[in-house]
file data-v5.csv (CSV, C-alpha atoms)
chain,number,residue,atom,x,y,z
W,1,MET,CA,-85.6,104.7,5.9
W,2,LEU,CA,-89.0,106.4,5.2
W,3,ARG,CA,-89.3,104.8,1.8
W,4,LEU,CA,-88.4,101.3,3.0
W,5,GLY,CA,-90.8,101.6,5.9
W,6,LEU,CA,-93.6,102.6,3.7
W,7,ILE,CA,-93.0,99.8,1.3
W,8,ALA,CA,-92.9,97.3,4.1
W,9,THR,CA,-96.2,98.7,5.5
W,10,LEU,CA,-97.9,98.3,2.2
W,11,GLY,CA,-96.8,94.7,1.8
W,12,LEU,CA,-97.9,93.9,5.4
W,13,VAL,CA,-101.4,95.5,4.9
W,14,ALA,CA,-101.9,93.5,1.7
W,15,LEU,CA,-101.2,90.3,3.5
W,16,MET,CA,-103.4,91.1,6.5
W,17,THR,CA,-106.4,92.4,4.5
W,18,GLY,CA,-106.3,90.1,1.5
W,19,ALA,CA,-105.7,93.0,-0.8
W,20,PRO,CA,-104.3,92.3,-4.2
W,21,GLU,CA,-100.5,91.8,-4.5
W,22,VAL,CA,-98.7,95.1,-4.1
W,23,LYS,CA,-97.1,96.1,-7.4
W,24,ALA,CA,-94.5,98.8,-8.3
W,25,GLU,CA,-93.5,99.0,-4.6
W,26,GLY,CA,-97.1,99.6,-3.6
W,27,ALA,CA,-97.6,102.8,-5.5
W,28,LEU,CA,-100.6,101.5,-7.5
W,29,GLU,CA,-102.4,100.6,-4.3
W,30,VAL,CA,-102.3,104.2,-3.3
W,31,ALA,CA,-102.5,105.9,-6.8
W,32,PRO,CA,-104.1,103.5,-9.2
W,33,THR,CA,-103.8,105.9,-12.2
W,34,GLY,CA,-100.0,106.0,-11.9
W,35,THR,CA,-100.2,109.7,-10.8
W,36,LEU,CA,-100.7,110.7,-7.2
W,37,ARG,CA,-103.8,113.0,-7.2
W,38,VAL,CA,-103.9,115.2,-4.1
W,39,ALA,CA,-107.0,117.3,-3.4
W,40,VAL,CA,-106.3,120.8,-2.0
W,41,ALA,CA,-108.5,123.7,-0.9
W,42,VAL,CA,-107.7,127.0,-2.5
W,43,GLY,CA,-108.7,130.3,-0.8
W,44,PRO,CA,-107.7,133.9,-0.5
W,45,ALA,CA,-105.5,133.5,2.5
W,46,ALA,CA,-102.9,130.9,3.5
W,47,SER,CA,-102.9,128.6,6.6
W,48,ALA,CA,-101.6,125.3,7.6
W,49,PHE,CA,-104.5,123.9,5.6
W,50,TRP,CA,-105.6,126.5,3.0
W,51,THR,CA,-103.5,127.0,-0.1
W,52,THR,CA,-103.4,130.2,-2.2
W,53,ARG,CA,-102.5,130.9,-5.8
W,54,ASP,CA,-98.9,131.7,-6.7
W,55,PRO,CA,-99.2,135.1,-8.4
W,56,ALA,CA,-96.5,134.1,-10.9
W,57,THR,CA,-97.8,130.7,-11.9
W,58,GLY,CA,-101.4,130.7,-10.9
W,59,LYS,CA,-100.9,127.3,-9.3
W,60,PRO,CA,-101.7,126.4,-5.6
W,61,ARG,CA,-99.0,126.8,-3.1
W,62,GLY,CA,-98.9,126.1,0.6
W,63,VAL,CA,-98.3,123.6,3.4
W,64,THR,CA,-100.5,120.9,1.9
W,65,VAL,CA,-98.8,121.3,-1.5
W,66,GLU,CA,-95.5,120.7,0.1
W,67,LEU,CA,-96.8,117.6,1.8
W,68,ALA,CA,-98.3,116.4,-1.5
W,69,LYS,CA,-94.9,116.8,-3.1
W,70,ALA,CA,-93.3,114.8,-0.4
W,71,ALA,CA,-95.9,112.0,-0.7
W,72,ALA,CA,-95.5,111.8,-4.4
W,73,GLY,CA,-91.8,111.7,-4.0
W,74,MET,CA,-92.0,108.7,-1.6
W,75,LEU,CA,-94.1,106.8,-4.2
W,76,HIS,CA,-91.8,107.9,-7.1
W,77,LEU,CA,-94.9,109.1,-8.9
W,78,PRO,CA,-95.8,112.4,-10.7
W,79,LEU,CA,-98.1,114.7,-8.7
W,80,GLN,CA,-101.4,116.2,-9.8
W,81,LEU,CA,-103.1,118.8,-7.6
W,82,VAL,CA,-106.9,118.7,-7.7
W,83,GLU,CA,-108.4,122.0,-6.6
W,84,TYR,CA,-111.5,122.6,-4.5
W,85,GLN,CA,-113.1,125.5,-2.6
W,86,SER,CA,-113.6,123.7,0.8
W,87,SER,CA,-113.0,120.5,2.7
W,88,ASP,CA,-116.6,119.4,2.2
W,89,GLU,CA,-116.2,119.7,-1.5
W,90,ILE,CA,-113.2,117.5,-1.3
W,91,ALA,CA,-115.0,114.9,0.8
W,92,ALA,CA,-118.1,114.9,-1.4
W,93,ALA,CA,-115.9,114.1,-4.4
W,94,SER,CA,-114.2,111.1,-2.7
W,95,GLY,CA,-116.5,108.5,-4.4
W,96,LYS,CA,-115.8,109.8,-7.9
W,97,ASP,CA,-112.3,108.5,-8.2
W,98,VAL,CA,-110.8,112.0,-8.9
W,99,TRP,CA,-108.3,112.2,-6.0
W,100,ASP,CA,-106.2,109.7,-4.0
W,101,LEU,CA,-105.0,111.7,-1.0
W,102,SER,CA,-105.9,114.9,0.8
W,103,PHE,CA,-105.6,116.9,4.1
W,104,MET,CA,-108.4,118.6,6.0
W,105,PRO,CA,-109.5,119.5,9.5
W,106,ALA,CA,-110.9,116.5,11.3
W,107,ASP,CA,-114.7,116.5,11.2
W,108,VAL,CA,-117.3,113.8,12.2
W,109,LYS,CA,-119.6,114.7,9.3
W,110,ARG,CA,-116.9,113.8,6.7
W,111,GLU,CA,-116.3,110.3,8.2
W,112,ALA,CA,-119.1,109.0,5.9
W,113,PHE,CA,-116.9,110.0,2.9
W,114,VAL,CA,-113.3,109.7,3.9
W,115,ASP,CA,-111.1,107.7,6.2
W,116,GLN,CA,-109.1,110.0,8.5
W,117,GLY,CA,-105.6,109.4,9.6
W,118,PRO,CA,-103.4,111.3,12.1
W,119,ALA,CA,-103.1,115.0,12.4
W,120,TYR,CA,-100.0,117.0,11.4
W,121,VAL,CA,-100.9,120.3,13.1
W,122,ALA,CA,-103.6,121.8,15.4
W,123,TYR,CA,-106.2,123.9,13.6
W,124,MET,CA,-107.9,126.7,15.4
W,125,SER,CA,-110.7,128.9,14.1
W,126,GLY,CA,-111.7,132.4,15.1
W,127,TYR,CA,-113.1,135.7,13.9
W,128,LEU,CA,-111.6,138.5,11.8
W,129,ILE,CA,-113.3,141.8,12.6
W,130,ARG,CA,-113.8,144.6,10.1
W,131,ALA,CA,-112.0,147.9,10.4
W,132,GLY,CA,-113.7,150.3,12.8
W,133,SER,CA,-115.9,147.7,14.5
W,134,ASP,CA,-116.6,147.9,18.2
W,135,ILE,CA,-116.4,144.1,18.5
W,136,ARG,CA,-113.9,143.2,21.2
W,137,SER,CA,-114.8,139.5,22.0
W,138,VAL,CA,-116.6,136.5,20.6
W,139,ALA,CA,-119.6,137.4,22.7
W,140,ASP,CA,-119.8,140.8,21.0
W,141,VAL,CA,-120.1,139.0,17.6
W,142,ASP,CA,-123.5,137.4,18.5
W,143,ARG,CA,-125.6,140.5,18.6
W,144,ALA,CA,-128.7,141.7,16.6
W,145,GLY,CA,-127.6,143.5,13.5
W,146,MET,CA,-124.2,141.8,13.3
W,147,ARG,CA,-123.3,140.5,9.8
W,148,VAL,CA,-121.1,137.4,10.1
W,149,GLY,CA,-119.6,135.4,7.3
W,150,CYS,CA,-118.2,131.9,7.0
W,151,ILE,CA,-117.1,129.5,4.3
W,152,GLU,CA,-119.7,127.0,3.1
W,153,GLY,CA,-118.5,123.4,3.6
W,154,THR,CA,-116.1,123.9,6.5
W,155,SER,CA,-116.1,122.5,10.0
W,156,THR,CA,-115.8,126.1,11.2
W,157,SER,CA,-119.1,127.0,9.4
W,158,ARG,CA,-120.9,124.3,11.3
W,159,THR,CA,-119.5,125.3,14.7
W,160,VAL,CA,-120.4,129.0,14.1
W,161,GLU,CA,-123.9,128.2,12.8
W,162,LYS,CA,-124.6,126.3,16.1
W,163,SER,CA,-123.2,129.0,18.3
W,164,LEU,CA,-124.8,132.2,16.8
W,165,LYS,CA,-128.3,133.0,18.1
W,166,GLN,CA,-128.8,136.7,17.1
W,167,ALA,CA,-126.2,137.7,14.4
W,168,LYS,CA,-127.0,137.1,10.8
W,169,LEU,CA,-124.8,134.4,9.3
W,170,THR,CA,-124.0,134.2,5.6
W,171,LYS,CA,-122.2,131.2,4.1
W,172,PHE,CA,-120.0,131.9,1.1
W,173,VAL,CA,-119.0,129.3,-1.5
W,174,LYS,CA,-116.0,131.4,-2.5
W,175,PRO,CA,-113.8,132.6,0.3
W,176,GLU,CA,-112.6,135.5,-1.9
W,177,GLN,CA,-116.1,136.9,-1.9
W,178,ALA,CA,-116.3,136.9,1.9
W,179,ALA,CA,-112.9,138.5,2.2
W,180,GLU,CA,-113.9,141.3,-0.2
W,181,LEU,CA,-117.1,142.1,1.6
W,182,LEU,CA,-115.2,142.3,5.0
W,183,GLY,CA,-112.7,144.6,3.4
W,184,LYS,CA,-115.5,146.8,2.2
W,185,GLY,CA,-117.1,146.9,5.7
W,186,GLU,CA,-120.2,144.9,4.5
W,187,LEU,CA,-119.4,142.1,6.9
W,188,ASP,CA,-118.7,142.7,10.6
W,189,ALA,CA,-116.9,139.4,11.2
W,190,LEU,CA,-115.5,136.5,9.2
W,191,ALA,CA,-115.0,133.0,10.7
W,192,MET,CA,-112.1,130.9,9.4
W,193,GLY,CA,-108.9,129.2,10.6
W,194,MET,CA,-106.6,131.5,12.6
W,195,GLY,CA,-103.8,131.1,10.1
W,196,ALA,CA,-105.9,132.3,7.2
W,197,LEU,CA,-107.3,135.1,9.3
W,198,GLU,CA,-103.9,136.4,10.3
W,199,ASP,CA,-102.9,136.3,6.6
W,200,LEU,CA,-106.1,138.2,5.6
W,201,SER,CA,-105.6,140.8,8.3
W,202,ARG,CA,-102.3,141.8,6.8
W,203,LYS,CA,-104.0,142.4,3.5
W,204,LEU,CA,-107.0,144.2,4.9
W,205,PRO,CA,-105.9,147.4,6.7
W,206,GLU,CA,-107.2,148.0,10.3
W,207,THR,CA,-109.0,144.6,10.5
W,208,LYS,CA,-108.2,142.6,13.6
W,209,VAL,CA,-108.2,138.9,14.6
W,210,LEU,CA,-109.9,138.2,18.0
W,211,ASP,CA,-107.7,136.3,20.4
W,212,GLU,CA,-110.5,133.9,21.4
W,213,VAL,CA,-110.8,130.5,19.6
W,214,VAL,CA,-114.2,129.3,18.5
W,215,GLN,CA,-113.1,125.9,17.4
W,216,SER,CA,-110.0,123.7,17.8
W,217,THR,CA,-109.3,120.5,15.9
W,218,GLY,CA,-106.4,118.8,14.0
W,219,VAL,CA,-105.7,118.8,10.3
W,220,VAL,CA,-105.5,115.2,9.3
W,221,VAL,CA,-104.5,113.2,6.3
W,222,VAL,CA,-107.4,111.5,4.5
W,223,VAL,CA,-108.1,109.0,1.7
W,224,PRO,CA,-111.4,108.0,0.0
W,225,LYS,CA,-113.6,105.7,2.2
W,226,GLY,CA,-112.7,102.1,2.0
W,227,LYS,CA,-109.2,102.4,0.6
W,228,THR,CA,-107.6,100.2,3.2
W,229,VAL,CA,-104.1,100.0,1.9
W,230,ALA,CA,-104.0,103.7,1.0
W,231,LYS,CA,-105.3,104.6,4.5
W,232,VAL,CA,-102.5,102.7,6.2
W,233,TRP,CA,-99.9,104.1,3.8
W,234,ALA,CA,-101.1,107.6,4.3
W,235,ALA,CA,-101.0,107.3,8.1
W,236,GLN,CA,-97.5,105.8,8.0
W,237,PHE,CA,-96.3,108.5,5.6
W,238,LEU,CA,-97.6,111.3,7.8
W,239,THR,CA,-96.3,109.8,11.0
W,240,GLU,CA,-92.8,109.5,9.5
W,241,ALA,CA,-93.1,113.0,7.8
W,242,LYS,CA,-93.6,114.5,11.3
W,243,ALA,CA,-90.7,112.5,12.7
W,244,ASP,CA,-88.2,113.4,10.0
W,245,GLY,CA,-89.0,117.1,9.8
W,246,THR,CA,-90.9,117.2,6.6
W,247,VAL,CA,-94.0,118.7,8.2
W,248,ARG,CA,-91.9,121.2,10.2
W,249,ARG,CA,-90.1,122.4,7.0
W,250,ALA,CA,-93.5,122.7,5.2
W,251,LEU,CA,-94.9,124.9,8.0
W,252,ASP,CA,-91.8,127.0,8.3
W,253,SER,CA,-91.3,127.5,4.6
W,254,ASN,CA,-94.8,128.9,4.3
W,255,GLY,CA,-94.5,131.3,7.3
W,256,PHE,CA,-96.2,129.2,10.0
W,257,THR,CA,-93.2,129.0,12.3
W,258,ALA,CA,-95.3,129.4,15.4
W,259,ASP,CA,-97.6,126.4,14.5
W,260,LYS,CA,-96.7,123.3,16.4
W,261,VAL,CA,-96.5,119.9,14.8
W,262,ALA,CA,-99.1,117.6,16.2
W,263,PRO,CA,-97.7,114.8,18.4

call {"tool": "encode", "arguments": {"input": "data-v5.csv", "output": "structure tokens"}}
result
Amino acid sequence: MLRLGLIATLGLVALMTGAPEVKAEGALEVAPTGTLRVAVAVGPAASAFWTTRDPATGKPRGVTVELAKAAAGMLHLPLQLVEYQSSDEIAAASGKDVWDLSFMPADVKREAFVDQGPAYVAYMSGYLIRAGSDIRSVADVDRAGMRVGCIEGTSTSRTVEKSLKQAKLTKFVKPEQAAELLGKGELDALAMGMGALEDLSRKLPETKVLDEVVQSTGVVVVVPKGKTVAKVWAAQFLTEAKADGTVRRALDSNGFTADKVAP
């Protein structure tokens, strides 16, 4: 049913928008190279958005990888994962014809580069606190002398930058570097998505995740700006993937059993 619905959607969009005739069941409208190229963000800790490297293969693994496989399967196309270090890197590359589909936290800034579809899960950000710190709340983070880290090119980084008045904020291009410094006690707090922070806290003894949320948004499916047929296909794919349990299975198989599928 999912496959038939997607094919019908592609044909309808082509008629309504004047797009070229849909060929090969619409696959080439979404993935013109004949391979579905899905952009993913790779970091040191997993979340419903972030992927990590499989220690055995070195390849990305995670929720978005599972969704990418499902999307490629619906199109009957091979899958190519295109790796980046942040959502902003993915968005900035959208005009270079290097990826066809991606997933990222919804963010107004990125609307100039990508067309955003529906969300598959809520995405909440917070702080991971170094071992031995006296920080007990978000308010405690913003004090003179506090060293706070975030990941360059994320919506979380923009939210934190606006909120902090006294603490020193450092933006890291590589998430691994920020995690290493926190583990060494050279950062007092690290701002990221809650899922990634929970994963990091298990790897960094005596660190703790604050209960308070500093940002809440949804992780959405996106395509490069102006790809009308692909945008509608992506929205339909994700809507039906939520309905048929594909998203739930992707979350559960990666350990995010408490994360709720977005309505």

call {"tool": "residues_around", "arguments": {"input": "data-v5.csv", "residues": "Leu181 (chain W)", "least_positions_apart": "5", "cutoff": "10 Å", "atoms": "only C-alpha atoms", "output": "number ranges by chain"}}
result
W: 130, 149, 176, 186-190

call {"tool": "atom_distance", "arguments": {"input": "data-v5.csv", "atom1": "CA of Asp107 (chain W)", "atom2": "CA of Met124 (chain W)"}}
result
13.0 Å

call {"tool": "closest_residue", "arguments": {"input": "data-v5.csv", "among": "W:Val220, W:Met146, W:Ala27, W:Ala241", "to": "Pro118 (chain W)", "atoms": "all atoms listed in the file"}}
result
W:Val220

call {"tool": "atom_distance", "arguments": {"input": "data-v5.csv", "atom1": "CA of Ala178 (chain W)", "atom2": "CA of Pro44 (chain W)"}}
result
9.4 Å

call {"tool": "atom_distance", "arguments": {"input": "data-v5.csv", "atom1": "CA of Trp50 (chain W)", "atom2": "CA of Gly95 (chain W)"}}
result
22.3 Å

call {"tool": "closest_residue", "arguments": {"input": "data-v5.csv", "among": "W:Phe172, W:Phe49, W:Phe103, W:Trp233", "to": "Cys150 (chain W)", "atoms": "all atoms listed in the file"}}
result
W:Phe172

call {"tool": "closest_residue", "arguments": {"input": "data-v5.csv", "among": "W:Lys96, W:Ala39, W:Leu128, W:Glu29", "to": "Arg202 (chain W)", "atoms": "all atoms listed in the file"}}
result
W:Leu128

call {"tool": "closest_residue", "arguments": {"input": "data-v5.csv", "among": "W:Leu182, W:Ala31, W:Ile90, W:Val247", "to": "Lys203 (chain W)", "atoms": "only C-alpha atoms"}}
result
W:Leu182

call {"tool": "closest_atom_pairs", "arguments": {"input": "data-v5.csv", "of": "region 207-251 of chain W", "to": "region 61-64 of chain W", "cutoff": "10 Å", "atoms": "all atoms listed in the file", "output": "JSON lines"}}
result
{"residue": "W:Val221", "atom": "CA", "partner": "W:Thr64", "partner_atom": "CA", "distance": 9.7}
{"residue": "W:Val247", "atom": "CA", "partner": "W:Val63", "partner_atom": "CA", "distance": 8.1}
{"residue": "W:Arg248", "atom": "CA", "partner": "W:Val63", "partner_atom": "CA", "distance": 9.6}
{"residue": "W:Arg249", "atom": "CA", "partner": "W:Val63", "partner_atom": "CA", "distance": 9.0}
{"residue": "W:Ala250", "atom": "CA", "partner": "W:Val63", "partner_atom": "CA", "distance": 5.2}
{"residue": "W:Leu251", "atom": "CA", "partner": "W:Val63", "partner_atom": "CA", "distance": 5.9}

call {"tool": "residues_around", "arguments": {"input": "data-v5.csv", "residues": "Ala167 (chain W)", "least_positions_apart": "3", "cutoff": "12 Å", "atoms": "all atoms listed in the file", "output": "list in words"}}
result
Val138, Ala139, Asp140, Val141, Asp142, Arg143, Ala144, Gly145, Met146, Arg147, Val148, Gly149, Val160, Glu161, Lys162, Ser163, Leu164, Thr170, Leu187, Asp188, Ala189 and Leu190 of chain W

call {"tool": "closest_residue", "arguments": {"input": "data-v5.csv", "among": "W:Leu238, W:Ala191, W:Ala91, W:Ala179", "to": "Met74 (chain W)", "atoms": "only C-alpha atoms"}}
result
W:Leu238

call {"tool": "closest_residue", "arguments": {"input": "data-v5.csv", "among": "W:Pro60, W:Pro105, W:Gly43, W:Gly245", "to": "Gly117 (chain W)", "atoms": "all atoms listed in the file"}}
result
W:Pro105

call {"tool": "build_atoms", "arguments": {"input": "data-v5.csv", "residues": "region 123-157 of chain W", "atoms": "N, CA and C atoms", "output": "short mmCIF file (atom, residue, chain, number, x, y, z; two decimals), in the frame of the given file"}}
result
data_model
loop_
_atom_site.label_atom_id
_atom_site.label_comp_id
_atom_site.auth_asym_id
_atom_site.auth_seq_id
_atom_site.Cartn_x
_atom_site.Cartn_y
_atom_site.Cartn_z
N TYR W 123 -105.50 122.92 14.40
CA TYR W 123 -106.20 123.90 13.60
C TYR W 123 -107.22 124.61 14.41
N MET W 124 -106.99 125.90 14.63
CA MET W 124 -107.90 126.70 15.40
C MET W 124 -108.60 127.74 14.59
N SER W 125 -109.87 127.93 14.84
CA SER W 125 -110.70 128.90 14.10
C SER W 125 -111.09 130.05 15.01
N GLY W 126 -111.30 131.20 14.39
CA GLY W 126 -111.70 132.40 15.10
C GLY W 126 -112.41 133.37 14.23
N TYR W 127 -112.39 134.64 14.63
CA TYR W 127 -113.10 135.70 13.90
C TYR W 127 -112.07 136.79 13.47
N LEU W 128 -112.22 137.26 12.23
CA LEU W 128 -111.60 138.50 11.80
C LEU W 128 -112.62 139.57 11.77
N ILE W 129 -112.31 140.71 12.38
CA ILE W 129 -113.30 141.80 12.60
C ILE W 129 -112.96 142.94 11.62
N ARG W 130 -114.00 143.51 11.02
CA ARG W 130 -113.80 144.60 10.10
C ARG W 130 -113.20 145.83 10.72
N ALA W 131 -112.60 146.65 9.90
CA ALA W 131 -112.00 147.90 10.40
C ALA W 131 -113.12 148.80 10.98
N GLY W 132 -112.82 149.41 12.13
CA GLY W 132 -113.70 150.30 12.80
C GLY W 132 -114.83 149.71 13.60
N SER W 133 -114.84 148.39 13.73
CA SER W 133 -115.90 147.70 14.50
C SER W 133 -115.65 147.88 16.00
N ASP W 134 -116.75 147.83 16.77
CA ASP W 134 -116.60 147.90 18.20
C ASP W 134 -116.58 146.48 18.85
N ILE W 135 -116.50 145.45 18.03
CA ILE W 135 -116.40 144.10 18.50
C ILE W 135 -115.08 143.87 19.23
N ARG W 136 -115.13 143.40 20.48
CA ARG W 136 -113.90 143.20 21.20
C ARG W 136 -113.78 141.71 21.70
N SER W 137 -114.85 140.92 21.57
CA SER W 137 -114.80 139.50 22.00
C SER W 137 -115.77 138.70 21.18
N VAL W 138 -115.68 137.38 21.32
CA VAL W 138 -116.60 136.50 20.60
C VAL W 138 -118.03 136.76 21.00
N ALA W 139 -118.27 137.08 22.27
CA ALA W 139 -119.60 137.40 22.70
C ALA W 139 -120.19 138.60 22.00
N ASP W 140 -119.34 139.57 21.67
CA ASP W 140 -119.80 140.80 21.00
C ASP W 140 -120.27 140.45 19.55
N VAL W 141 -119.78 139.36 18.99
CA VAL W 141 -120.10 139.00 17.60
C VAL W 141 -121.62 138.64 17.52
N ASP W 142 -122.10 137.93 18.53
CA ASP W 142 -123.50 137.40 18.50
C ASP W 142 -124.46 138.45 19.03
N ARG W 143 -124.68 139.51 18.25
CA ARG W 143 -125.60 140.50 18.60
C ARG W 143 -126.56 140.82 17.43
N ALA W 144 -127.72 141.29 17.71
CA ALA W 144 -128.70 141.70 16.60
C ALA W 144 -128.03 142.71 15.75
N GLY W 145 -128.15 142.51 14.46
CA GLY W 145 -127.60 143.50 13.50
C GLY W 145 -126.19 143.14 13.04
N MET W 146 -125.50 142.21 13.72
CA MET W 146 -124.20 141.80 13.30
C MET W 146 -124.23 140.94 12.05
N ARG W 147 -123.35 141.22 11.09
CA ARG W 147 -123.30 140.50 9.80
C ARG W 147 -122.03 139.60 9.87
N VAL W 148 -122.23 138.29 9.95
CA VAL W 148 -121.10 137.40 10.10
C VAL W 148 -121.03 136.47 8.87
N GLY W 149 -119.82 136.24 8.42
CA GLY W 149 -119.60 135.40 7.30
C GLY W 149 -118.79 134.15 7.65
N CYS W 150 -118.96 133.07 6.90
CA CYS W 150 -118.20 131.90 7.00
C CYS W 150 -118.09 131.20 5.67
N ILE W 151 -117.27 130.18 5.55
CA ILE W 151 -117.10 129.50 4.30
C ILE W 151 -117.92 128.23 4.25
N GLU W 152 -118.81 128.14 3.29
CA GLU W 152 -119.70 127.00 3.10
C GLU W 152 -118.80 125.70 3.02
N GLY W 153 -119.24 124.64 3.71
CA GLY W 153 -118.50 123.40 3.60
C GLY W 153 -117.32 123.22 4.46
N THR W 154 -117.22 124.00 5.53
CA THR W 154 -116.10 123.90 6.50
C THR W 154 -116.61 123.49 7.84
N SER W 155 -115.75 122.84 8.62
CA SER W 155 -116.10 122.50 10.00
C SER W 155 -116.37 123.77 10.81
N THR W 156 -115.62 124.83 10.50
CA THR W 156 -115.80 126.10 11.20
C THR W 156 -117.23 126.63 10.97
N SER W 157 -117.73 126.50 9.74
CA SER W 157 -119.10 127.00 9.40
C SER W 157 -120.12 126.31 10.28
#
